[in-house]
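Down below is the structure, laid out as structure tokens.
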Amino acid sequence: MNQDMLRQVMSEHREDCLDNREFGFWLYLMTDAIIFALLFATYVSMFRNTANGPEPIHLFDLKHVFFETACLLISSVTFGFAWLAAMNKKRPSVILWLIITIVFGVAFVFLEVVEFLEMIQEGAGPQASGYLSSFFTLVATHGIHVSIGMIGILTMTLQVFMKGLTPQVCSRLFRLGLFWHFLDIVWIGIFSVVYLPVFI
Amino acid sequence: MQAHEHSLKDYLKGLVLAIILTAIPFWVVWSSAFRARILFAIIAICALIQVMVHLRFFLNISLKNTGKDYLTALFFAGVLIFIMVGGTVWILFDLNFRMM
């Protein structure tokens, strides 16, 4: 009797702990949103400050941006499928969907790094003008977030593989999902504010 | 408390809406079918709606099922972003105009 009660109290306590962690992570995401919002504000204020350097219209390629957008959107949805599989306790399909998510995430980072390297080779690196400094700060901050998110997805794939779908692992996967979907929302801002207006 | 339950239908709805809302701004800019002012408006409206779509269908935020503490944090962040970004853009463009 006593043992059962103790066990019940312990499991409630663990659930509370996980709930608190999820809420804490949500607060972190909100502060991250504010950081990105201010980087956007900086970018918009710097938009005309090209300092006789390269003009944005010659630097970007709409098709390239479209592929990046597609990769990130697809990876967001495949992460959602991994979460659904985790809810249904299907371990192999969680791992499969997470690996597909990593593939699209890597494709996104690869496209972005290629774009940056091309720009730097053309002499449009972050030091060329105030405009390019703010561009690289904003887009690279997002890129670094995606890269860290991918390390997270890789870690979670291993944890699902080795530890199984315990409540702790599921909670971590849930938080990682929030992070990943959040980064996709930031990307909506990037293609709408940074890339598309340049082509008008 | 944030709801963990999520349905396949939600993700698919979100995906279809996100594709439409991404395709519209890319297409209008690609074909430059309208005047600049209208293009800016289309991009802004599609972006705002797409952010809502992602929050609703991917992050599973809804006014009914999401906990009050989550929503409060979200709206507070929204207010801060509005004040800081709006203020920055307003002041700096005003300054820029006066310096010309």
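By convention in this document, the chains of the structure tokens carry letters A, B, ... by their order, each chain's residues are numbered from 1, and ligands are numbered from 1 in the order they are shown.
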Could you produce a table of the residues of chain B lying within 7 Å of chain A, with the nearest pair of atoms per residue and their separation in Å rounded to one decimal, using only C-alpha atoms, ordered by chain and increasing residue number, as a tab-separated table?
residue	atom	partner	partner_atom	distance
B:Met1	CA	A:Asp19	CA	6.6
B:His6	CA	A:Leu84	CA	6.9
B:Tyr11	CA	A:Val77	CA	6.6
B:Leu15	CA	A:Val77	CA	6.9
B:Val29	CA	A:Ile200	CA	6.5
B:Ala36	CA	A:Ile200	CA	6.1
B:Ile43	CA	A:Ser192	CA	6.2
B:Ala47	CA	A:Ile188	CA	6.3
B:Val51	CA	A:Ile185	CA	6.0
B:His54	CA	A:Ile185	CA	6.8
B:Phe58	CA	A:His181	CA	6.5
B:Leu59	CA	A:Leu178	CA	6.2
B:Ala73	CA	A:Leu27	CA	6.7
B:Leu74	CA	A:Met30	CA	6.6
B:Ala77	CA	A:Met30	CA	5.9
B:Ile81	CA	A:Ile34	CA	6.0
B:Val85	CA	A:Ala41	CA	5.3
B:Thr88	CA	A:Ala41	CA	6.5
B:Val89	CA	A:Ser45	CA	6.4
B:Leu92	CA	A:Ser45	CA	6.6
request  = Can you list, as an NGL selection string, all residues belonging to region 15-64 of chain B that DSSP tags as alpha helix (DSSP H)?
outcome  = :B and (15-31 or 36-53)
ask   = So, counting only C-alpha atoms, which residue among A:Gly53, A:Ser134, A:Ser147, A:Leu165 is closest to Ile102 (chain A)?
value = A:Ser147
Residue contacts of Ala18 (chain B) (7 Å, only C-alpha atoms) excluding same-chain residues fewer than 4 positions away, as a compact mmCIF listing (two decimals) with N, CA and C atoms, in the first residue's frame:
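Done, and the output landed in out.txt:
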# COMPACT_ATOMS: atom_id res chain seq x y z
N GLY B 14 -1.68 21.77 -42.31
CA GLY B 14 -0.63 22.78 -42.18
C GLY B 14 0.29 22.78 -43.38
N THR B 22 3.43 29.84 -49.28
CA THR B 22 4.80 30.10 -49.73
C THR B 22 4.81 30.33 -51.22
N GLN B 50 0.94 32.79 -42.76
CA GLN B 50 1.71 31.54 -42.65
C GLN B 50 2.26 31.34 -41.24
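You can rank B:Leu39, B:Val53, B:Met84, B:Leu8 by their closest distance to Ile20 (chain B) using only C-alpha atoms, and at the top of that list sits B:Val53.
CA of Leu96 (chain A) is found 20.6 Å from CA of Asp10 (chain B).
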request  = Mind checking which residues fall within 9 Å of Ile61 (chain B), counting only C-alpha atoms, ignoring those fewer than 4 positions away in the same chain, and posting them as a ChimeraX atom specification?
outcome  = /B:2-3,54-57,65-66,70-71
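Between Leu18 (chain A) and the residues A:Leu117, A:Leu183, A:Met5, A:Arg175, the shortest atom-to-atom distance, using only C-alpha atoms, involves A:Arg175.
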request  = For CA of Phe82 (chain B) and CA of Ile49 (chain B), determine how far apart the two atoms are, in Å to one decimal place.
outcome  = 16.5 Å
query = How many Å lie between CA of Gly105 (chain A) and CA of Tyr28 (chain A), rounded to one decimal?
reply = 21.8 Å
